[in-house]
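Here's coords.cif, which has mmCIF, N, CA, C and O atoms:
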```
data_work
#
loop_
_atom_site.label_atom_id
_atom_site.label_comp_id
_atom_site.auth_asym_id
_atom_site.auth_seq_id
_atom_site.Cartn_x
_atom_site.Cartn_y
_atom_site.Cartn_z
N MET A 1 0.83 -1.18 0.00
CA MET A 1 0.00 0.00 0.00
C MET A 1 0.88 1.25 0.00
O MET A 1 1.96 1.24 0.57
N THR A 2 0.37 2.27 -0.60
CA THR A 2 1.08 3.54 -0.66
C THR A 2 0.25 4.60 0.04
O THR A 2 -0.86 4.91 -0.38
N TYR A 3 0.79 5.14 1.12
CA TYR A 3 0.11 6.18 1.88
C TYR A 3 0.69 7.54 1.54
O TYR A 3 1.90 7.68 1.34
N THR A 4 -0.16 8.55 1.51
CA THR A 4 0.28 9.93 1.32
C THR A 4 0.94 10.40 2.61
O THR A 4 0.41 10.20 3.70
N VAL A 5 2.10 11.02 2.48
CA VAL A 5 2.81 11.60 3.61
C VAL A 5 2.97 13.09 3.33
O VAL A 5 3.37 13.48 2.24
N ILE A 6 2.63 13.89 4.32
CA ILE A 6 2.80 15.34 4.20
C ILE A 6 4.07 15.72 4.95
O ILE A 6 4.23 15.39 6.12
N TYR A 7 4.97 16.40 4.25
CA TYR A 7 6.23 16.86 4.84
C TYR A 7 6.17 18.36 5.05
O TYR A 7 5.68 19.09 4.18
N GLU A 8 6.64 18.82 6.19
CA GLU A 8 6.66 20.25 6.49
C GLU A 8 8.04 20.64 7.00
O GLU A 8 8.58 20.00 7.90
N LYS A 9 8.60 21.69 6.41
CA LYS A 9 9.90 22.18 6.85
C LYS A 9 9.67 23.28 7.88
O LYS A 9 8.98 24.27 7.61
N GLY A 10 10.22 23.10 9.06
CA GLY A 10 10.14 24.11 10.10
C GLY A 10 11.44 24.89 10.18
O GLY A 10 12.37 24.65 9.40
N PRO A 11 11.52 25.81 11.11
CA PRO A 11 12.72 26.64 11.24
C PRO A 11 13.98 25.83 11.54
O PRO A 11 15.08 26.18 11.12
N THR A 12 13.83 24.73 12.29
CA THR A 12 15.03 23.96 12.70
C THR A 12 14.92 22.48 12.43
O THR A 12 15.85 21.74 12.74
N SER A 13 13.79 22.02 11.88
CA SER A 13 13.62 20.58 11.66
C SER A 13 12.56 20.34 10.59
O SER A 13 11.94 21.27 10.09
N TRP A 14 12.37 19.07 10.27
CA TRP A 14 11.33 18.63 9.34
C TRP A 14 10.31 17.80 10.10
O TRP A 14 10.67 17.05 11.00
N GLY A 15 9.05 17.91 9.71
CA GLY A 15 7.99 17.09 10.28
C GLY A 15 7.29 16.34 9.17
O GLY A 15 7.35 16.72 8.00
N ALA A 16 6.61 15.26 9.55
CA ALA A 16 5.84 14.48 8.58
C ALA A 16 4.66 13.85 9.30
O ALA A 16 4.74 13.51 10.48
N TYR A 17 3.56 13.72 8.56
CA TYR A 17 2.40 13.01 9.10
C TYR A 17 1.67 12.31 7.96
O TYR A 17 1.85 12.63 6.79
N VAL A 18 0.82 11.35 8.35
CA VAL A 18 0.10 10.52 7.39
C VAL A 18 -1.40 10.75 7.61
O VAL A 18 -1.94 10.28 8.61
N PRO A 19 -2.07 11.46 6.71
CA PRO A 19 -3.48 11.78 6.92
C PRO A 19 -4.37 10.55 7.13
O PRO A 19 -5.33 10.61 7.89
N ASP A 20 -4.07 9.44 6.49
CA ASP A 20 -4.90 8.24 6.60
C ASP A 20 -4.60 7.42 7.85
O ASP A 20 -5.31 6.44 8.12
N LEU A 21 -3.57 7.78 8.59
CA LEU A 21 -3.20 7.06 9.81
C LEU A 21 -3.04 8.07 10.94
O LEU A 21 -1.93 8.48 11.29
N PRO A 22 -4.16 8.52 11.52
CA PRO A 22 -4.09 9.54 12.57
C PRO A 22 -3.11 9.15 13.69
O PRO A 22 -3.09 8.01 14.14
N GLY A 23 -2.31 10.12 14.07
CA GLY A 23 -1.34 9.90 15.13
C GLY A 23 0.02 9.44 14.66
O GLY A 23 0.97 9.40 15.43
N VAL A 24 0.13 9.09 13.38
CA VAL A 24 1.43 8.66 12.85
C VAL A 24 2.16 9.91 12.37
O VAL A 24 1.83 10.50 11.33
N ILE A 25 3.15 10.32 13.16
CA ILE A 25 3.91 11.53 12.88
C ILE A 25 5.39 11.26 13.13
O ILE A 25 5.75 10.27 13.77
N SER A 26 6.22 12.14 12.62
CA SER A 26 7.65 12.02 12.86
C SER A 26 8.30 13.39 12.69
O SER A 26 7.77 14.26 12.00
N VAL A 27 9.43 13.56 13.34
CA VAL A 27 10.23 14.78 13.23
C VAL A 27 11.68 14.37 13.05
O VAL A 27 12.15 13.43 13.69
N GLY A 28 12.39 15.07 12.18
CA GLY A 28 13.80 14.79 11.96
C GLY A 28 14.58 16.05 11.68
O GLY A 28 14.00 17.11 11.38
N ASP A 29 15.89 15.93 11.74
CA ASP A 29 16.76 17.08 11.50
C ASP A 29 16.82 17.47 10.03
O ASP A 29 17.13 18.61 9.69
N SER A 30 16.55 16.52 9.13
CA SER A 30 16.62 16.77 7.69
C SER A 30 15.47 16.04 7.01
O SER A 30 14.81 15.19 7.61
N ARG A 31 15.26 16.33 5.76
CA ARG A 31 14.20 15.63 5.01
C ARG A 31 14.52 14.15 4.93
O ARG A 31 13.64 13.30 5.07
N ASP A 32 15.79 13.81 4.71
CA ASP A 32 16.17 12.39 4.68
C ASP A 32 15.84 11.71 6.00
O ASP A 32 15.31 10.59 6.01
N ASP A 33 16.16 12.36 7.10
CA ASP A 33 15.87 11.79 8.42
C ASP A 33 14.38 11.55 8.60
O ASP A 33 13.96 10.47 9.01
N VAL A 34 13.58 12.56 8.30
CA VAL A 34 12.15 12.43 8.55
C VAL A 34 11.51 11.42 7.60
O VAL A 34 10.59 10.71 7.98
N GLU A 35 12.03 11.28 6.38
CA GLU A 35 11.51 10.25 5.47
C GLU A 35 11.77 8.86 6.04
O GLU A 35 10.88 7.99 6.01
N ARG A 36 12.95 8.64 6.54
CA ARG A 36 13.29 7.34 7.13
C ARG A 36 12.44 7.08 8.37
O ARG A 36 11.88 6.00 8.54
N LEU A 37 12.31 8.09 9.21
CA LEU A 37 11.57 7.92 10.46
C LEU A 37 10.07 7.73 10.23
O LEU A 37 9.44 6.93 10.93
N ILE A 38 9.48 8.41 9.25
CA ILE A 38 8.05 8.22 9.01
C ILE A 38 7.79 6.85 8.41
O ILE A 38 6.77 6.21 8.71
N GLN A 39 8.71 6.34 7.61
CA GLN A 39 8.59 4.98 7.08
C GLN A 39 8.54 3.98 8.24
O GLN A 39 7.69 3.10 8.29
N GLU A 40 9.47 4.15 9.18
CA GLU A 40 9.50 3.27 10.35
C GLU A 40 8.23 3.41 11.18
O GLU A 40 7.68 2.42 11.67
N ALA A 41 7.74 4.65 11.34
CA ALA A 41 6.53 4.88 12.13
C ALA A 41 5.30 4.22 11.49
O ALA A 41 4.47 3.63 12.19
N ILE A 42 5.20 4.30 10.17
CA ILE A 42 4.09 3.67 9.46
C ILE A 42 4.14 2.16 9.66
O ILE A 42 3.13 1.52 9.99
N GLU A 43 5.31 1.56 9.44
CA GLU A 43 5.46 0.12 9.59
C GLU A 43 5.13 -0.33 11.01
O GLU A 43 4.42 -1.32 11.21
N PHE A 44 5.62 0.40 12.00
CA PHE A 44 5.36 0.07 13.40
C PHE A 44 3.86 0.15 13.71
O PHE A 44 3.29 -0.73 14.36
N HIS A 45 3.23 1.21 13.24
CA HIS A 45 1.80 1.41 13.47
C HIS A 45 0.98 0.28 12.84
O HIS A 45 0.08 -0.28 13.48
N LEU A 46 1.27 -0.04 11.59
CA LEU A 46 0.53 -1.10 10.90
C LEU A 46 0.75 -2.46 11.54
O LEU A 46 -0.18 -3.26 11.66
N ASP A 47 1.99 -2.73 11.97
CA ASP A 47 2.26 -3.99 12.69
C ASP A 47 1.42 -4.07 13.96
O ASP A 47 0.86 -5.12 14.27
N GLY A 48 1.32 -2.96 14.69
CA GLY A 48 0.53 -2.94 15.91
C GLY A 48 -0.95 -3.16 15.63
O GLY A 48 -1.64 -3.88 16.36
N MET A 49 -1.44 -2.56 14.56
CA MET A 49 -2.84 -2.76 14.18
C MET A 49 -3.10 -4.22 13.83
O MET A 49 -4.13 -4.80 14.24
N ARG A 50 -2.19 -4.83 13.09
CA ARG A 50 -2.34 -6.25 12.73
C ARG A 50 -2.34 -7.12 13.98
O ARG A 50 -3.15 -8.03 14.11
N ASP A 51 -1.41 -6.83 14.90
CA ASP A 51 -1.32 -7.61 16.14
C ASP A 51 -2.62 -7.54 16.95
O ASP A 51 -2.98 -8.50 17.64
N GLU A 52 -3.31 -6.40 16.87
CA GLU A 52 -4.55 -6.21 17.61
C GLU A 52 -5.78 -6.66 16.82
O GLU A 52 -6.91 -6.55 17.30
N GLY A 53 -5.55 -7.14 15.60
CA GLY A 53 -6.66 -7.60 14.78
C GLY A 53 -7.51 -6.49 14.21
O GLY A 53 -8.68 -6.70 13.85
N LEU A 54 -6.95 -5.30 14.12
CA LEU A 54 -7.69 -4.15 13.59
C LEU A 54 -7.61 -4.12 12.06
O LEU A 54 -6.66 -4.63 11.46
N VAL A 55 -8.59 -3.52 11.47
CA VAL A 55 -8.62 -3.36 10.01
C VAL A 55 -7.63 -2.27 9.60
O VAL A 55 -7.64 -1.17 10.17
N ILE A 56 -6.79 -2.58 8.65
CA ILE A 56 -5.82 -1.61 8.13
C ILE A 56 -6.57 -0.70 7.16
O ILE A 56 -7.17 -1.18 6.18
N PRO A 57 -6.56 0.61 7.39
CA PRO A 57 -7.28 1.51 6.48
C PRO A 57 -6.61 1.59 5.12
O PRO A 57 -5.38 1.65 5.02
N SER A 58 -7.44 1.58 4.10
CA SER A 58 -6.92 1.77 2.75
C SER A 58 -6.53 3.22 2.56
O SER A 58 -7.20 4.12 3.08
N PRO A 59 -5.47 3.45 1.81
CA PRO A 59 -5.10 4.84 1.53
C PRO A 59 -6.23 5.55 0.78
O PRO A 59 -6.81 4.99 -0.16
N SER A 60 -6.56 6.76 1.22
CA SER A 60 -7.61 7.51 0.53
C SER A 60 -7.25 8.98 0.34
O SER A 60 -7.98 9.70 -0.33
N SER A 61 -6.16 9.41 0.91
CA SER A 61 -5.74 10.81 0.79
C SER A 61 -4.76 10.97 -0.36
O SER A 61 -4.08 10.04 -0.77
N PHE A 62 -4.73 12.18 -0.87
CA PHE A 62 -3.72 12.52 -1.87
C PHE A 62 -3.34 13.98 -1.67
O PHE A 62 -4.10 14.74 -1.08
N ALA A 63 -2.19 14.34 -2.15
CA ALA A 63 -1.72 15.72 -2.03
C ALA A 63 -1.74 16.35 -3.43
O ALA A 63 -1.45 15.69 -4.42
N GLY A 64 -2.11 17.58 -3.46
CA GLY A 64 -2.10 18.33 -4.72
C GLY A 64 -1.45 19.67 -4.50
O GLY A 64 -1.13 20.04 -3.36
N GLU A 65 -1.29 20.36 -5.56
CA GLU A 65 -0.70 21.69 -5.49
C GLU A 65 -1.60 22.67 -6.23
O GLU A 65 -2.19 22.32 -7.25
N ILE A 66 -1.72 23.84 -5.69
CA ILE A 66 -2.49 24.91 -6.33
C ILE A 66 -1.55 26.09 -6.56
O ILE A 66 -0.89 26.56 -5.62
N ASP A 67 -1.46 26.54 -7.79
CA ASP A 67 -0.62 27.70 -8.12
C ASP A 67 -1.45 28.95 -7.95
O ASP A 67 -2.52 29.09 -8.57
N VAL A 68 -1.02 29.85 -7.08
CA VAL A 68 -1.76 31.08 -6.81
C VAL A 68 -0.94 32.26 -7.32
O VAL A 68 0.25 32.39 -7.00
N ASP A 69 -1.58 33.12 -8.07
CA ASP A 69 -0.93 34.31 -8.59
C ASP A 69 -0.75 35.29 -7.44
O ASP A 69 -1.73 35.81 -6.90
N ARG A 70 0.47 35.59 -7.07
CA ARG A 70 0.76 36.48 -5.95
C ARG A 70 0.39 37.92 -6.26
O ARG A 70 0.21 38.73 -5.36
N ALA A 71 0.28 38.27 -7.52
CA ALA A 71 -0.02 39.65 -7.88
C ALA A 71 -1.49 40.01 -7.66
O ALA A 71 -1.83 41.17 -7.61
N ALA A 72 -2.32 39.01 -7.54
CA ALA A 72 -3.76 39.28 -7.42
C ALA A 72 -4.10 39.79 -6.03
O ALA A 72 -3.52 39.59 -5.07
#
```
As structure tokens, what does this structure read like?
Amino acid sequence: MTYTVIYEKGPTSWGAYVPDLPGVISVGDSRDDVERLIQEAIEFHLDGMRDEGLVIPSPSSFAGEIDVDRAA
């Protein structure tokens, strides 16, 4: 399965979260760090859900971009 991950650059670190998996978040010093950490967080979360016999949610979110004219 492929889940959408939202990455956010802060003043001193990077953050990431997964809209389809509430509570699955990560923070790292760099984009590479946070990508690795969110991958681990997703895997850990899904393993825990399987262990508890919970239904794994299908991915349903997607990210898009909107170009806004700054002059308007």
Expected selection from the PyMOL selection byres ((chain A and resi 25) around 8), given as number ranges by chain
A: 6, 15-18, 21-24, 26-27, 34, 37-42
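Each of A:Met49, A:Ala63, A:Phe44, A:Asp32 was compared to Thr4 (chain A) using all atoms listed in the file, and A:Ala63 turns out to be the nearest.
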Helix (DSSP H, G or I) per DSSP on the backbone: members of chain A, as a ChimeraX atom specification
/A:31-51
Could you write those residues out with N, CA, C and O atoms, as an mmCIF file, in the coordinates of the input?
```
data_model
loop_
_atom_site.group_PDB
_atom_site.id
_atom_site.type_symbol
_atom_site.label_atom_id
_atom_site.label_comp_id
_atom_site.auth_asym_id
_atom_site.auth_seq_id
_atom_site.Cartn_x
_atom_site.Cartn_y
_atom_site.Cartn_z
ATOM 1 N N ARG A 31 15.260 16.330 5.760
ATOM 2 C CA ARG A 31 14.200 15.630 5.010
ATOM 3 C C ARG A 31 14.520 14.150 4.930
ATOM 4 O O ARG A 31 13.640 13.300 5.070
ATOM 5 N N ASP A 32 15.790 13.810 4.710
ATOM 6 C CA ASP A 32 16.170 12.390 4.680
ATOM 7 C C ASP A 32 15.840 11.710 6.000
ATOM 8 O O ASP A 32 15.310 10.590 6.010
ATOM 9 N N ASP A 33 16.160 12.360 7.100
ATOM 10 C CA ASP A 33 15.870 11.790 8.420
ATOM 11 C C ASP A 33 14.380 11.550 8.600
ATOM 12 O O ASP A 33 13.960 10.470 9.010
ATOM 13 N N VAL A 34 13.580 12.560 8.300
ATOM 14 C CA VAL A 34 12.150 12.430 8.550
ATOM 15 C C VAL A 34 11.510 11.420 7.600
ATOM 16 O O VAL A 34 10.590 10.710 7.980
ATOM 17 N N GLU A 35 12.030 11.280 6.380
ATOM 18 C CA GLU A 35 11.510 10.250 5.470
ATOM 19 C C GLU A 35 11.770 8.860 6.040
ATOM 20 O O GLU A 35 10.880 7.990 6.010
ATOM 21 N N ARG A 36 12.950 8.640 6.540
ATOM 22 C CA ARG A 36 13.290 7.340 7.130
ATOM 23 C C ARG A 36 12.440 7.080 8.370
ATOM 24 O O ARG A 36 11.880 6.000 8.540
ATOM 25 N N LEU A 37 12.310 8.090 9.210
ATOM 26 C CA LEU A 37 11.570 7.920 10.460
ATOM 27 C C LEU A 37 10.070 7.730 10.230
ATOM 28 O O LEU A 37 9.440 6.930 10.930
ATOM 29 N N ILE A 38 9.480 8.410 9.250
ATOM 30 C CA ILE A 38 8.050 8.220 9.010
ATOM 31 C C ILE A 38 7.790 6.850 8.410
ATOM 32 O O ILE A 38 6.770 6.210 8.710
ATOM 33 N N GLN A 39 8.710 6.340 7.610
ATOM 34 C CA GLN A 39 8.590 4.980 7.080
ATOM 35 C C GLN A 39 8.540 3.980 8.240
ATOM 36 O O GLN A 39 7.690 3.100 8.290
ATOM 37 N N GLU A 40 9.470 4.150 9.180
ATOM 38 C CA GLU A 40 9.500 3.270 10.350
ATOM 39 C C GLU A 40 8.230 3.410 11.180
ATOM 40 O O GLU A 40 7.680 2.420 11.670
ATOM 41 N N ALA A 41 7.740 4.650 11.340
ATOM 42 C CA ALA A 41 6.530 4.880 12.130
ATOM 43 C C ALA A 41 5.300 4.220 11.490
ATOM 44 O O ALA A 41 4.470 3.630 12.190
ATOM 45 N N ILE A 42 5.200 4.300 10.170
ATOM 46 C CA ILE A 42 4.090 3.670 9.460
ATOM 47 C C ILE A 42 4.140 2.160 9.660
ATOM 48 O O ILE A 42 3.130 1.520 9.990
ATOM 49 N N GLU A 43 5.310 1.560 9.440
ATOM 50 C CA GLU A 43 5.460 0.120 9.590
ATOM 51 C C GLU A 43 5.130 -0.330 11.010
ATOM 52 O O GLU A 43 4.420 -1.320 11.210
ATOM 53 N N PHE A 44 5.620 0.400 12.000
ATOM 54 C CA PHE A 44 5.360 0.070 13.400
ATOM 55 C C PHE A 44 3.860 0.150 13.710
ATOM 56 O O PHE A 44 3.290 -0.730 14.360
ATOM 57 N N HIS A 45 3.230 1.210 13.240
ATOM 58 C CA HIS A 45 1.800 1.410 13.470
ATOM 59 C C HIS A 45 0.980 0.280 12.840
ATOM 60 O O HIS A 45 0.080 -0.280 13.480
ATOM 61 N N LEU A 46 1.270 -0.040 11.590
ATOM 62 C CA LEU A 46 0.530 -1.100 10.900
ATOM 63 C C LEU A 46 0.750 -2.460 11.540
ATOM 64 O O LEU A 46 -0.180 -3.260 11.660
ATOM 65 N N ASP A 47 1.990 -2.730 11.970
ATOM 66 C CA ASP A 47 2.260 -3.990 12.690
ATOM 67 C C ASP A 47 1.420 -4.070 13.960
ATOM 68 O O ASP A 47 0.860 -5.120 14.270
ATOM 69 N N GLY A 48 1.320 -2.960 14.690
ATOM 70 C CA GLY A 48 0.530 -2.940 15.910
ATOM 71 C C GLY A 48 -0.950 -3.160 15.630
ATOM 72 O O GLY A 48 -1.640 -3.880 16.360
ATOM 73 N N MET A 49 -1.440 -2.560 14.560
ATOM 74 C CA MET A 49 -2.840 -2.760 14.180
ATOM 75 C C MET A 49 -3.100 -4.220 13.830
ATOM 76 O O MET A 49 -4.130 -4.800 14.240
ATOM 77 N N ARG A 50 -2.190 -4.830 13.090
ATOM 78 C CA ARG A 50 -2.340 -6.250 12.730
ATOM 79 C C ARG A 50 -2.340 -7.120 13.980
ATOM 80 O O ARG A 50 -3.150 -8.030 14.110
ATOM 81 N N ASP A 51 -1.410 -6.830 14.900
ATOM 82 C CA ASP A 51 -1.320 -7.610 16.140
ATOM 83 C C ASP A 51 -2.620 -7.540 16.950
ATOM 84 O O ASP A 51 -2.980 -8.500 17.640
#
```
Leaving out Asp29 (chain A) and any residue of its chain fewer than 6 positions from it, which residues lie within 8 Å of it when counting all atoms listed in the file, given as a count of residues only?
6
Quote the spacing between CA of Ser61 (chain A) and CA of Thr2 (chain A) in Å to one decimal place.
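Atom-to-atom, CA of Ser61 (chain A) to CA of Thr2 (chain A), that is 10.1 Å.
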Can you tell me, as a list of chain:residue names, what residues are no more than 9 Å from Phe62 (chain A) when counting only C-alpha atoms, ignoring any on the same chain fewer than 6 positions away?
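So the residues in contact are A:Tyr3, A:Thr4, A:Val5, A:Pro19.
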Select from chain A everything DSSP, run on the backbone, classes as strand (DSSP E or B), then give the selection as a list in words.
Ile6, Tyr7, Glu8, Lys9, Trp14, Gly15, Ala16, Tyr17, Ile25, Ser26, Val27 and Gly28 of chain A
Keeping only N, CA, C and O atoms, take the residues you just selected and write them out as a PDB file, keeping the file's coordinate frame.
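Saved as out-v4.pdb:
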```pdb
ATOM      1  N   ILE A   6       2.630  13.890   4.320  1.00  0.00           N
ATOM      2  CA  ILE A   6       2.800  15.340   4.200  1.00  0.00           C
ATOM      3  C   ILE A   6       4.070  15.720   4.950  1.00  0.00           C
ATOM      4  O   ILE A   6       4.230  15.390   6.120  1.00  0.00           O
ATOM      5  N   TYR A   7       4.970  16.400   4.250  1.00  0.00           N
ATOM      6  CA  TYR A   7       6.230  16.860   4.840  1.00  0.00           C
ATOM      7  C   TYR A   7       6.170  18.360   5.050  1.00  0.00           C
ATOM      8  O   TYR A   7       5.680  19.090   4.180  1.00  0.00           O
ATOM      9  N   GLU A   8       6.640  18.820   6.190  1.00  0.00           N
ATOM     10  CA  GLU A   8       6.660  20.250   6.490  1.00  0.00           C
ATOM     11  C   GLU A   8       8.040  20.640   7.000  1.00  0.00           C
ATOM     12  O   GLU A   8       8.580  20.000   7.900  1.00  0.00           O
ATOM     13  N   LYS A   9       8.600  21.690   6.410  1.00  0.00           N
ATOM     14  CA  LYS A   9       9.900  22.180   6.850  1.00  0.00           C
ATOM     15  C   LYS A   9       9.670  23.280   7.880  1.00  0.00           C
ATOM     16  O   LYS A   9       8.980  24.270   7.610  1.00  0.00           O
ATOM     17  N   TRP A  14      12.370  19.070  10.270  1.00  0.00           N
ATOM     18  CA  TRP A  14      11.330  18.630   9.340  1.00  0.00           C
ATOM     19  C   TRP A  14      10.310  17.800  10.100  1.00  0.00           C
ATOM     20  O   TRP A  14      10.670  17.050  11.000  1.00  0.00           O
ATOM     21  N   GLY A  15       9.050  17.910   9.710  1.00  0.00           N
ATOM     22  CA  GLY A  15       7.990  17.090  10.280  1.00  0.00           C
ATOM     23  C   GLY A  15       7.290  16.340   9.170  1.00  0.00           C
ATOM     24  O   GLY A  15       7.350  16.720   8.000  1.00  0.00           O
ATOM     25  N   ALA A  16       6.610  15.260   9.550  1.00  0.00           N
ATOM     26  CA  ALA A  16       5.840  14.480   8.580  1.00  0.00           C
ATOM     27  C   ALA A  16       4.660  13.850   9.300  1.00  0.00           C
ATOM     28  O   ALA A  16       4.740  13.510  10.480  1.00  0.00           O
ATOM     29  N   TYR A  17       3.560  13.720   8.560  1.00  0.00           N
ATOM     30  CA  TYR A  17       2.400  13.010   9.100  1.00  0.00           C
ATOM     31  C   TYR A  17       1.670  12.310   7.960  1.00  0.00           C
ATOM     32  O   TYR A  17       1.850  12.630   6.790  1.00  0.00           O
ATOM     33  N   ILE A  25       3.150  10.320  13.160  1.00  0.00           N
ATOM     34  CA  ILE A  25       3.910  11.530  12.880  1.00  0.00           C
ATOM     35  C   ILE A  25       5.390  11.260  13.130  1.00  0.00           C
ATOM     36  O   ILE A  25       5.750  10.270  13.770  1.00  0.00           O
ATOM     37  N   SER A  26       6.220  12.140  12.620  1.00  0.00           N
ATOM     38  CA  SER A  26       7.650  12.020  12.860  1.00  0.00           C
ATOM     39  C   SER A  26       8.300  13.390  12.690  1.00  0.00           C
ATOM     40  O   SER A  26       7.770  14.260  12.000  1.00  0.00           O
ATOM     41  N   VAL A  27       9.430  13.560  13.340  1.00  0.00           N
ATOM     42  CA  VAL A  27      10.230  14.780  13.230  1.00  0.00           C
ATOM     43  C   VAL A  27      11.680  14.370  13.050  1.00  0.00           C
ATOM     44  O   VAL A  27      12.150  13.430  13.690  1.00  0.00           O
ATOM     45  N   GLY A  28      12.390  15.070  12.180  1.00  0.00           N
ATOM     46  CA  GLY A  28      13.800  14.790  11.960  1.00  0.00           C
ATOM     47  C   GLY A  28      14.580  16.050  11.680  1.00  0.00           C
ATOM     48  O   GLY A  28      14.000  17.110  11.380  1.00  0.00           O
TER      49      GLY A  28
END
```
Distance criterion (only C-alpha atoms): nearest to Ile56 (chain A) out of A:Gly28, A:Arg36, A:Tyr7, A:Met1:
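Checking each candidate against Ile56 (chain A), we get A:Met1 as the closest.
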